[in-house]
>>> print(open('query38.cif').read())   # mmCIF, C-alpha atoms, pLDDT in the B column; chains and numbers go by the auth columns
data_entry
#
loop_
_atom_site.group_PDB
_atom_site.id
_atom_site.type_symbol
_atom_site.label_atom_id
_atom_site.label_comp_id
_atom_site.label_asym_id
_atom_site.label_seq_id
_atom_site.Cartn_x
_atom_site.Cartn_y
_atom_site.Cartn_z
_atom_site.B_iso_or_equiv
_atom_site.auth_seq_id
_atom_site.auth_asym_id
ATOM 1 C CA MET A 1 20.936 4.891 -45.407 72.00 1 A
ATOM 2 C CA PHE A 2 21.038 8.062 -43.308 79.00 2 A
ATOM 3 C CA SER A 3 18.597 10.961 -43.441 79.00 3 A
ATOM 4 C CA PRO A 4 20.326 14.346 -43.905 76.00 4 A
ATOM 5 C CA LEU A 5 19.629 16.909 -41.204 76.00 5 A
ATOM 6 C CA ARG A 6 18.364 19.466 -43.717 71.00 6 A
ATOM 7 C CA ILE A 7 15.238 17.414 -44.528 75.00 7 A
ATOM 8 C CA LEU A 8 14.133 16.844 -40.932 75.00 8 A
ATOM 9 C CA LYS A 9 10.793 18.414 -40.078 77.00 9 A
ATOM 10 C CA ALA A 10 8.889 18.637 -36.813 71.00 10 A
ATOM 11 C CA GLY A 11 6.120 16.059 -36.453 74.00 11 A
ATOM 12 C CA GLU A 12 7.611 13.539 -38.891 78.00 12 A
ATOM 13 C CA THR A 13 9.470 10.252 -38.271 81.00 13 A
ATOM 14 C CA TYR A 14 12.801 9.274 -39.839 79.00 14 A
ATOM 15 C CA ASP A 15 14.949 6.136 -39.744 78.00 15 A
ATOM 16 C CA THR A 16 18.509 7.081 -38.812 85.00 16 A
ATOM 17 C CA ILE A 17 20.715 10.154 -38.874 82.00 17 A
ATOM 18 C CA ARG A 18 24.492 10.340 -38.684 82.00 18 A
ATOM 19 C CA ALA A 19 25.829 13.578 -37.277 80.00 19 A
ATOM 20 C CA ARG A 20 28.562 15.038 -35.138 78.00 20 A
ATOM 21 C CA VAL A 21 27.943 17.012 -31.957 79.00 21 A
ATOM 22 C CA CYS A 22 29.574 20.315 -32.879 71.00 22 A
ATOM 23 C CA ARG A 23 28.707 22.129 -29.665 73.00 23 A
ATOM 24 C CA ILE A 24 27.072 21.237 -26.380 80.00 24 A
ATOM 25 C CA TRP A 25 25.980 23.423 -23.486 76.00 25 A
ATOM 26 C CA ARG A 26 24.004 23.034 -20.292 77.00 26 A
ATOM 27 C CA ASN A 27 21.370 25.367 -18.872 73.00 27 A
ATOM 28 C CA THR A 28 21.235 25.429 -15.091 72.00 28 A
ATOM 29 C CA ASP A 29 19.113 27.266 -12.563 68.00 29 A
ATOM 30 C CA TYR A 30 21.164 30.258 -11.432 62.00 30 A
ATOM 31 C CA ASN A 31 19.896 30.077 -7.845 68.00 31 A
ATOM 32 C CA THR A 32 19.971 26.317 -7.163 73.00 32 A
ATOM 33 C CA GLY A 33 22.468 25.025 -9.730 74.00 33 A
ATOM 34 C CA ARG A 34 19.889 22.447 -10.868 77.00 34 A
ATOM 35 C CA LEU A 35 20.366 21.193 -14.430 78.00 35 A
ATOM 36 C CA ILE A 36 17.422 22.328 -16.567 74.00 36 A
ATOM 37 C CA SER A 37 18.398 21.105 -20.024 77.00 37 A
ATOM 38 C CA VAL A 38 21.270 19.919 -22.194 80.00 38 A
ATOM 39 C CA ASP A 39 21.348 21.457 -25.674 80.00 39 A
ATOM 40 C CA CYS A 40 23.600 20.602 -28.590 78.00 40 A
ATOM 41 C CA LEU A 41 24.327 21.624 -32.160 73.00 41 A
ATOM 42 C CA LEU A 42 24.520 18.822 -34.741 76.00 42 A
ATOM 43 C CA VAL A 43 26.232 18.888 -38.143 73.00 43 A
ATOM 44 C CA ASP A 44 26.410 16.234 -40.846 74.00 44 A
ATOM 45 C CA GLU A 45 28.360 15.715 -44.067 69.00 45 A
ATOM 46 C CA GLN A 46 25.894 16.869 -46.679 63.00 46 A
ATOM 47 C CA LEU A 47 27.920 19.045 -49.048 59.00 47 A
ATOM 48 C CA THR A 48 26.999 16.794 -51.990 55.00 48 A
ATOM 49 C CA SER A 49 23.271 17.151 -51.336 56.00 49 A
ATOM 50 C CA ARG A 50 23.660 20.965 -51.428 62.00 50 A
ATOM 51 C CA ILE A 51 25.182 21.086 -54.903 62.00 51 A
ATOM 52 C CA ASP A 52 23.469 23.640 -57.168 61.00 52 A
ATOM 53 C CA ILE A 53 20.879 24.542 -54.518 62.00 53 A
ATOM 54 C CA ASN A 54 21.648 28.248 -54.681 60.00 54 A
ATOM 55 C CA ASP A 55 19.216 29.316 -51.965 61.00 55 A
ATOM 56 C CA LEU A 56 20.898 26.968 -49.453 64.00 56 A
ATOM 57 C CA LEU A 57 24.023 28.878 -48.437 71.00 57 A
ATOM 58 C CA SER A 58 26.767 27.985 -45.979 73.00 58 A
ATOM 59 C CA ASP A 59 29.216 29.832 -43.743 80.00 59 A
ATOM 60 C CA VAL A 60 32.553 28.067 -43.238 83.00 60 A
ATOM 61 C CA ILE A 61 35.643 28.688 -41.131 88.00 61 A
ATOM 62 C CA GLY A 62 38.919 26.845 -40.991 90.00 62 A
ATOM 63 C CA ARG A 63 42.698 26.917 -41.207 93.00 63 A
ATOM 64 C CA LEU A 64 43.991 28.114 -44.551 93.00 64 A
ATOM 65 C CA ILE A 65 46.121 25.328 -46.063 92.00 65 A
ATOM 66 C CA SER A 66 46.837 26.517 -49.587 91.00 66 A
ATOM 67 C CA VAL A 67 46.217 29.438 -51.937 91.00 67 A
ATOM 68 C CA LYS A 68 46.714 29.014 -55.660 90.00 68 A
ATOM 69 C CA GLY A 69 47.237 31.687 -58.268 90.00 69 A
ATOM 70 C CA VAL A 70 44.546 33.018 -60.578 89.00 70 A
ATOM 71 C CA GLU A 71 43.700 30.590 -63.394 87.00 71 A
ATOM 72 C CA GLN A 72 41.299 30.609 -66.322 83.00 72 A
ATOM 73 C CA SER A 73 38.560 28.033 -66.825 77.00 73 A
ATOM 74 C CA ASN A 74 36.186 27.399 -69.709 74.00 74 A
ATOM 75 C CA VAL A 75 32.697 27.663 -68.247 68.00 75 A
ATOM 76 C CA SER A 76 29.735 27.487 -70.647 65.00 76 A
ATOM 77 C CA ASN A 77 32.019 28.355 -73.596 67.00 77 A
ATOM 78 C CA ARG A 78 33.508 31.411 -71.960 73.00 78 A
ATOM 79 C CA LEU A 79 36.779 31.996 -70.121 78.00 79 A
ATOM 80 C CA VAL A 80 36.342 32.814 -66.448 81.00 80 A
ATOM 81 C CA LYS A 81 39.108 33.622 -63.964 86.00 81 A
ATOM 82 C CA ARG A 82 39.198 31.724 -60.699 86.00 82 A
ATOM 83 C CA ARG A 83 41.374 31.200 -57.637 89.00 83 A
ATOM 84 C CA ASN A 84 41.342 27.981 -55.607 89.00 84 A
ATOM 85 C CA LEU A 85 41.933 27.769 -51.870 91.00 85 A
ATOM 86 C CA THR A 86 41.859 24.895 -49.406 91.00 86 A
ATOM 87 C CA ILE A 87 40.884 25.115 -45.747 91.00 87 A
ATOM 88 C CA GLN A 88 40.966 22.468 -43.045 90.00 88 A
ATOM 89 C CA ASN A 89 39.041 21.896 -39.825 85.00 89 A
ATOM 90 C CA ILE A 90 40.355 20.593 -36.498 84.00 90 A
ATOM 91 C CA ARG A 91 39.817 16.995 -37.677 79.00 91 A
ATOM 92 C CA GLU A 92 42.106 17.733 -40.656 84.00 92 A
ATOM 93 C CA GLU A 93 39.232 17.375 -43.112 80.00 93 A
ATOM 94 C CA SER A 94 39.823 19.558 -46.171 84.00 94 A
ATOM 95 C CA LEU A 95 37.380 21.688 -48.135 83.00 95 A
ATOM 96 C CA ASN A 96 37.980 23.221 -51.574 86.00 96 A
ATOM 97 C CA ILE A 97 36.947 26.845 -52.065 87.00 97 A
ATOM 98 C CA THR A 98 36.818 28.609 -55.421 86.00 98 A
ATOM 99 C CA LEU A 99 36.676 32.380 -55.771 88.00 99 A
ATOM 100 C CA TRP A 100 35.449 33.381 -59.237 82.00 100 A
ATOM 101 C CA GLY A 101 36.073 36.548 -61.246 83.00 101 A
ATOM 102 C CA GLU A 102 36.937 39.766 -59.441 84.00 102 A
ATOM 103 C CA ILE A 103 36.604 38.126 -56.015 85.00 103 A
ATOM 104 C CA GLY A 104 39.436 35.738 -56.856 86.00 104 A
ATOM 105 C CA GLU A 105 41.550 38.426 -58.518 87.00 105 A
ATOM 106 C CA ASN A 106 41.161 40.814 -55.581 89.00 106 A
ATOM 107 C CA PHE A 107 42.098 38.207 -52.971 89.00 107 A
ATOM 108 C CA ASP A 108 45.370 39.529 -51.492 89.00 108 A
ATOM 109 C CA GLU A 109 47.674 36.510 -51.700 87.00 109 A
ATOM 110 C CA ASN A 110 50.754 38.534 -50.678 88.00 110 A
ATOM 111 C CA ALA A 111 49.059 39.745 -47.491 89.00 111 A
ATOM 112 C CA VAL A 112 48.184 36.168 -46.584 87.00 112 A
ATOM 113 C CA GLN A 113 51.733 34.936 -47.167 86.00 113 A
ATOM 114 C CA SER A 114 53.066 37.600 -44.790 89.00 114 A
ATOM 115 C CA MET A 115 50.899 36.336 -41.920 90.00 115 A
ATOM 116 C CA SER A 116 52.158 33.896 -39.301 90.00 116 A
ATOM 117 C CA GLU A 117 50.679 30.406 -39.026 88.00 117 A
ATOM 118 C CA PRO A 118 48.040 29.265 -38.340 90.00 118 A
ATOM 119 C CA ILE A 119 45.867 31.478 -40.544 92.00 119 A
ATOM 120 C CA ILE A 120 42.162 31.164 -39.702 92.00 120 A
ATOM 121 C CA ILE A 121 39.815 32.359 -42.424 90.00 121 A
ATOM 122 C CA ALA A 122 36.031 32.525 -42.732 89.00 122 A
ATOM 123 C CA PHE A 123 33.758 32.639 -45.784 85.00 123 A
ATOM 124 C CA THR A 124 30.068 33.534 -45.741 80.00 124 A
ATOM 125 C CA ALA A 125 27.106 33.005 -48.098 75.00 125 A
ATOM 126 C CA MET A 126 28.797 30.185 -50.013 78.00 126 A
ATOM 127 C CA ALA A 127 27.029 27.783 -52.398 75.00 127 A
ATOM 128 C CA ALA A 128 27.994 24.160 -53.022 73.00 128 A
ATOM 129 C CA LYS A 129 29.118 23.430 -56.589 71.00 129 A
ATOM 130 C CA GLN A 130 30.803 20.708 -58.626 64.00 130 A
ATOM 131 C CA TYR A 131 33.438 21.158 -61.347 57.00 131 A
ATOM 132 C CA LEU A 132 35.191 18.307 -63.173 54.00 132 A
ATOM 133 C CA GLY A 133 33.859 15.869 -60.582 52.00 133 A
ATOM 134 C CA ILE A 134 35.285 17.831 -57.625 52.00 134 A
ATOM 135 C CA ASP A 135 33.001 19.211 -54.916 55.00 135 A
ATOM 136 C CA PHE A 136 33.727 22.741 -53.700 57.00 136 A
ATOM 137 C CA ILE A 137 31.996 25.827 -52.369 60.00 137 A
ATOM 138 C CA ALA A 138 31.972 29.280 -53.939 64.00 138 A
ATOM 139 C CA PRO A 139 30.307 32.656 -53.312 63.00 139 A
ATOM 140 C CA SER A 140 26.666 32.615 -54.339 59.00 140 A
ATOM 141 C CA THR A 141 25.874 34.300 -57.648 55.00 141 A
ATOM 142 C CA GLU A 142 22.173 34.566 -56.897 53.00 142 A
ATOM 143 C CA LYS A 143 20.775 38.069 -57.404 56.00 143 A
ATOM 144 C CA PRO A 144 19.012 39.303 -54.246 56.00 144 A
ATOM 145 C CA LEU A 145 15.271 39.778 -54.586 64.00 145 A
ATOM 146 C CA THR A 146 14.014 43.336 -54.743 71.00 146 A
ATOM 147 C CA LEU A 147 11.523 44.566 -52.144 72.00 147 A
ATOM 148 C CA GLU A 148 8.697 44.347 -54.706 80.00 148 A
ATOM 149 C CA GLU A 149 9.689 40.783 -55.632 77.00 149 A
ATOM 150 C CA GLN A 150 9.714 39.790 -51.960 77.00 150 A
ATOM 151 C CA LYS A 151 6.215 41.239 -51.501 80.00 151 A
ATOM 152 C CA THR A 152 4.773 38.997 -54.230 84.00 152 A
ATOM 153 C CA MET A 153 6.850 35.811 -53.944 82.00 153 A
ATOM 154 C CA ASN A 154 4.825 32.584 -53.548 87.00 154 A
ATOM 155 C CA ARG A 155 1.601 34.618 -53.660 91.00 155 A
ATOM 156 C CA LEU A 156 -1.464 32.699 -52.474 92.00 156 A
ATOM 157 C CA MET A 157 -5.060 33.499 -51.609 94.00 157 A
ATOM 158 C CA VAL A 158 -6.169 33.145 -47.987 93.00 158 A
ATOM 159 C CA ALA A 159 -8.046 29.899 -48.665 93.00 159 A
ATOM 160 C CA GLU A 160 -4.906 28.425 -50.230 92.00 160 A
ATOM 161 C CA LEU A 161 -2.835 29.412 -47.198 91.00 161 A
ATOM 162 C CA ARG A 162 -5.302 27.706 -44.869 91.00 162 A
ATOM 163 C CA SER A 163 -5.012 24.444 -46.842 91.00 163 A
ATOM 164 C CA LEU A 164 -1.214 24.207 -46.497 88.00 164 A
ATOM 165 C CA ASN A 165 0.411 21.587 -44.258 87.00 165 A
ATOM 166 C CA PRO A 166 2.403 23.659 -41.708 81.00 166 A
ATOM 167 C CA TYR A 167 4.965 20.904 -41.113 82.00 167 A
ATOM 168 C CA GLN A 168 5.756 20.506 -44.808 80.00 168 A
ATOM 169 C CA ASN A 169 5.963 24.233 -45.528 79.00 169 A
ATOM 170 C CA GLN A 170 7.466 25.750 -42.388 75.00 170 A
ATOM 171 C CA ASP A 171 10.692 26.775 -44.181 73.00 171 A
ATOM 172 C CA ILE A 172 8.893 28.431 -47.120 81.00 172 A
ATOM 173 C CA LYS A 173 7.767 32.051 -47.151 84.00 173 A
ATOM 174 C CA PHE A 174 4.379 32.868 -48.653 88.00 174 A
ATOM 175 C CA THR A 175 2.672 36.184 -49.299 91.00 175 A
ATOM 176 C CA THR A 176 -0.934 37.195 -49.644 92.00 176 A
ATOM 177 C CA LYS A 177 -2.897 40.381 -50.223 92.00 177 A
ATOM 178 C CA ALA A 178 -5.699 40.780 -47.714 93.00 178 A
ATOM 179 C CA THR A 179 -7.435 43.330 -45.534 94.00 179 A
ATOM 180 C CA ILE A 180 -6.912 43.522 -41.756 92.00 180 A
ATOM 181 C CA THR A 181 -10.450 43.236 -40.418 94.00 181 A
ATOM 182 C CA GLU A 182 -9.789 42.766 -36.710 91.00 182 A
ATOM 183 C CA ILE A 183 -7.109 43.471 -34.106 89.00 183 A
ATOM 184 C CA ASP A 184 -7.258 41.790 -30.697 86.00 184 A
ATOM 185 C CA ALA A 185 -5.250 43.597 -28.018 78.00 185 A
ATOM 186 C CA GLN A 186 -6.922 41.909 -25.034 81.00 186 A
ATOM 187 C CA GLN A 187 -3.669 40.096 -24.237 77.00 187 A
ATOM 188 C CA GLY A 188 -1.644 43.291 -24.499 80.00 188 A
ATOM 189 C CA TRP A 189 0.484 44.745 -27.277 85.00 189 A
ATOM 190 C CA PHE A 190 3.889 43.375 -26.331 87.00 190 A
ATOM 191 C CA TYR A 191 5.788 40.946 -24.121 89.00 191 A
ATOM 192 C CA ASN A 192 9.175 40.915 -22.376 90.00 192 A
ATOM 193 C CA ALA A 193 11.637 39.254 -24.735 90.00 193 A
ATOM 194 C CA CYS A 194 15.206 38.013 -24.857 89.00 194 A
ATOM 195 C CA PRO A 195 17.378 40.565 -26.749 85.00 195 A
ATOM 196 C CA ARG A 196 19.131 37.714 -28.599 83.00 196 A
ATOM 197 C CA CYS A 197 16.289 35.469 -29.814 86.00 197 A
ATOM 198 C CA TYR A 198 13.155 37.599 -29.116 87.00 198 A
ATOM 199 C CA ARG A 199 11.470 34.729 -27.286 89.00 199 A
ATOM 200 C CA ARG A 200 9.347 35.397 -24.217 90.00 200 A
ATOM 201 C CA VAL A 201 11.297 35.473 -20.954 92.00 201 A
ATOM 202 C CA LYS A 202 10.141 34.651 -17.434 91.00 202 A
ATOM 203 C CA GLN A 203 10.898 36.638 -14.311 88.00 203 A
ATOM 204 C CA SER A 204 12.704 34.769 -11.544 83.00 204 A
ATOM 205 C CA GLY A 205 13.046 37.054 -8.543 84.00 205 A
ATOM 206 C CA THR A 206 15.000 40.041 -9.783 84.00 206 A
ATOM 207 C CA SER A 207 16.347 38.141 -12.807 86.00 207 A
ATOM 208 C CA TRP A 208 14.919 37.158 -16.177 90.00 208 A
ATOM 209 C CA TRP A 209 15.119 33.652 -17.676 90.00 209 A
ATOM 210 C CA CYS A 210 15.197 32.691 -21.374 89.00 210 A
ATOM 211 C CA ASP A 211 14.594 29.018 -22.215 88.00 211 A
ATOM 212 C CA THR A 212 17.226 29.265 -24.966 85.00 212 A
ATOM 213 C CA HIS A 213 19.938 31.481 -23.468 85.00 213 A
ATOM 214 C CA GLY A 214 19.438 31.046 -19.729 86.00 214 A
ATOM 215 C CA TYR A 215 19.540 34.021 -17.360 86.00 215 A
ATOM 216 C CA LEU A 216 19.796 37.400 -19.091 85.00 216 A
ATOM 217 C CA THR A 217 22.758 39.641 -18.384 82.00 217 A
ATOM 218 C CA THR A 218 20.755 42.683 -19.527 83.00 218 A
ATOM 219 C CA ILE A 219 17.168 43.789 -19.076 86.00 219 A
ATOM 220 C CA PRO A 220 14.611 42.254 -21.498 89.00 220 A
ATOM 221 C CA ILE A 221 13.251 44.247 -24.416 88.00 221 A
ATOM 222 C CA SER A 222 9.623 44.982 -25.247 87.00 222 A
ATOM 223 C CA TRP A 223 8.648 42.945 -28.316 89.00 223 A
ATOM 224 C CA TYR A 224 5.365 43.687 -30.073 89.00 224 A
ATOM 225 C CA LYS A 225 2.881 40.827 -30.458 88.00 225 A
ATOM 226 C CA ILE A 226 -0.664 41.446 -31.680 88.00 226 A
ATOM 227 C CA ASN A 227 -3.300 38.942 -32.714 89.00 227 A
ATOM 228 C CA GLY A 228 -5.492 39.858 -35.637 90.00 228 A
ATOM 229 C CA ARG A 229 -7.493 38.615 -38.583 92.00 229 A
ATOM 230 C CA VAL A 230 -7.229 39.235 -42.318 93.00 230 A
ATOM 231 C CA GLU A 231 -9.718 38.493 -45.082 95.00 231 A
ATOM 232 C CA ASP A 232 -9.886 38.389 -48.866 94.00 232 A
ATOM 233 C CA SER A 233 -12.522 37.155 -51.330 94.00 233 A
ATOM 234 C CA THR A 234 -11.758 33.499 -50.469 94.00 234 A
ATOM 235 C CA GLY A 235 -12.060 33.650 -46.683 93.00 235 A
ATOM 236 C CA GLY A 236 -10.448 34.752 -43.430 93.00 236 A
ATOM 237 C CA LEU A 237 -7.331 33.838 -41.497 92.00 237 A
ATOM 238 C CA ASN A 238 -6.148 34.498 -37.934 92.00 238 A
ATOM 239 C CA ILE A 239 -2.660 35.991 -37.826 91.00 239 A
ATOM 240 C CA VAL A 240 -0.007 37.009 -35.306 89.00 240 A
ATOM 241 C CA MET A 241 1.986 40.165 -35.999 88.00 241 A
ATOM 242 C CA LEU A 242 5.380 40.433 -34.311 87.00 242 A
ATOM 243 C CA GLY A 243 8.168 42.914 -33.742 84.00 243 A
ATOM 244 C CA LYS A 244 9.047 45.401 -36.462 76.00 244 A
ATOM 245 C CA THR A 245 6.073 44.278 -38.543 73.00 245 A
ATOM 246 C CA VAL A 246 3.773 45.840 -35.950 77.00 246 A
ATOM 247 C CA GLN A 247 5.918 48.964 -35.632 70.00 247 A
ATOM 248 C CA SER A 248 5.546 49.647 -39.350 70.00 248 A
ATOM 249 C CA LEU A 249 1.724 49.666 -39.215 70.00 249 A
#
>>> encode(input="query38.cif", output="structure tokens")
Amino acid sequence: MFSPLRILKAGETYDTIRARVCRIWRNTDYNTGRLISVDCLLVDEQLTSRIDINDLLSDVIGRLISVKGVEQSNVSNRLVKRRNLTIQNIREESLNITLWGEIGENFDENAVQSMSEPIIIAFTAMAAKQYLGIDFIAPSTEKPLTLEEQKTMNRLMVAELRSLNPYQNQDIKFTTKATITEIDAQQGWFYNACPRCYRRVKQSGTSWWCDTHGYLTTIPISWYKINGRVEDSTGGLNIVMLGKTVQSL
């Protein structure tokens, strides 16, 4: 039995994973050529485990194999129009894609047929579904949260936040309402950051080094970082405010 990549959390132990190395790259010291690290991107085959998890979306790209005409399906006792497509990756593995309603109707089949092969197509923000026993992906129908809903989602008191296990909840966003009681600027207000990942960079001679992206081809940016403390009726909590969050204060 293999553990899917999506459940892996830092600090925990798992038995076995089965994954494919999708991309691999090496970071080397620009001056000496010394190998610093080897990084890779892993993917597994977990479409089935994503079914009906609407907040777990996928971006896919592949060669367009087939495009079918618009059909009607009975979904929850109502007729819904849909268009089915099939794409294929470089290993000739196929994936079914369904475009529902206006998205399927507005898909320009004639324009696609006039293109020369191979036709490479990409789909974003897709959710895994199942229909008549067939797995497929389709555009998410989830309604985006409003700004007010985002401000109050998973609302907890400060004491409740302090009791959370950080390893078990690192992918979950929480909110709280508290008062900023202290700001510590002894370590400065900002640091030099990589423009791509916003992580701290190190100066090496006249160049700048990012542990994720190697030597920068542009100058680093100034990224706000301020330590502080907030309190409510249940207690206090040390916080770190970063980037645009600090700019908006």
>>> resolve_selection(input="query38.cif", expression="the PyMOL selection byres ((chain A and resi 176) around 8)", output="list of chain:residue names")
A:Thr152, A:Arg155, A:Leu156, A:Met157, A:Val158, A:Phe174, A:Thr175, A:Lys177, A:Ala178
>>> resolve_selection(input="query38.cif", expression="the PyMOL selection byres ((chain A and resi 20) around 8)", output="ChimeraX atom specification")
/A:18-19,21-22,42-44
>>> resolve_selection(input="query38.cif", expression="the PyMOL selection byres ((chain A and resi 118) around 10)", output="ChimeraX atom specification")
/A:62-65,115-117,119-121
>>> closest_residue(input="query38.cif", among="A:Thr217, A:Arg199, A:Gln113, A:Glu71", to="A:Gly101", atoms="all atoms listed in the file")
A:Glu71
>>> closest_residue(input="query38.cif", among="A:Trp25, A:Phe190, A:Trp100, A:Trp208", to="A:Gln247", atoms="all atoms listed in the file")
A:Phe190
>>> closest_residue(input="query38.cif", among="A:Cys210, A:Ile87, A:Leu242, A:Ile226", to="A:Asn27", atoms="all atoms listed in the file")
A:Cys210
>>> atom_distance(input="query38.cif", atom1="atom CA of A:Asp211", atom2="atom CA of A:Lys173")
26.0 Å
>>> residues_around(input="query38.cif", residues="A:Tyr191", least_positions_apart="2", cutoff="7 Å", atoms="only C-alpha atoms", output="MDAnalysis selection string")
chainID A and resid 193 200 222:225
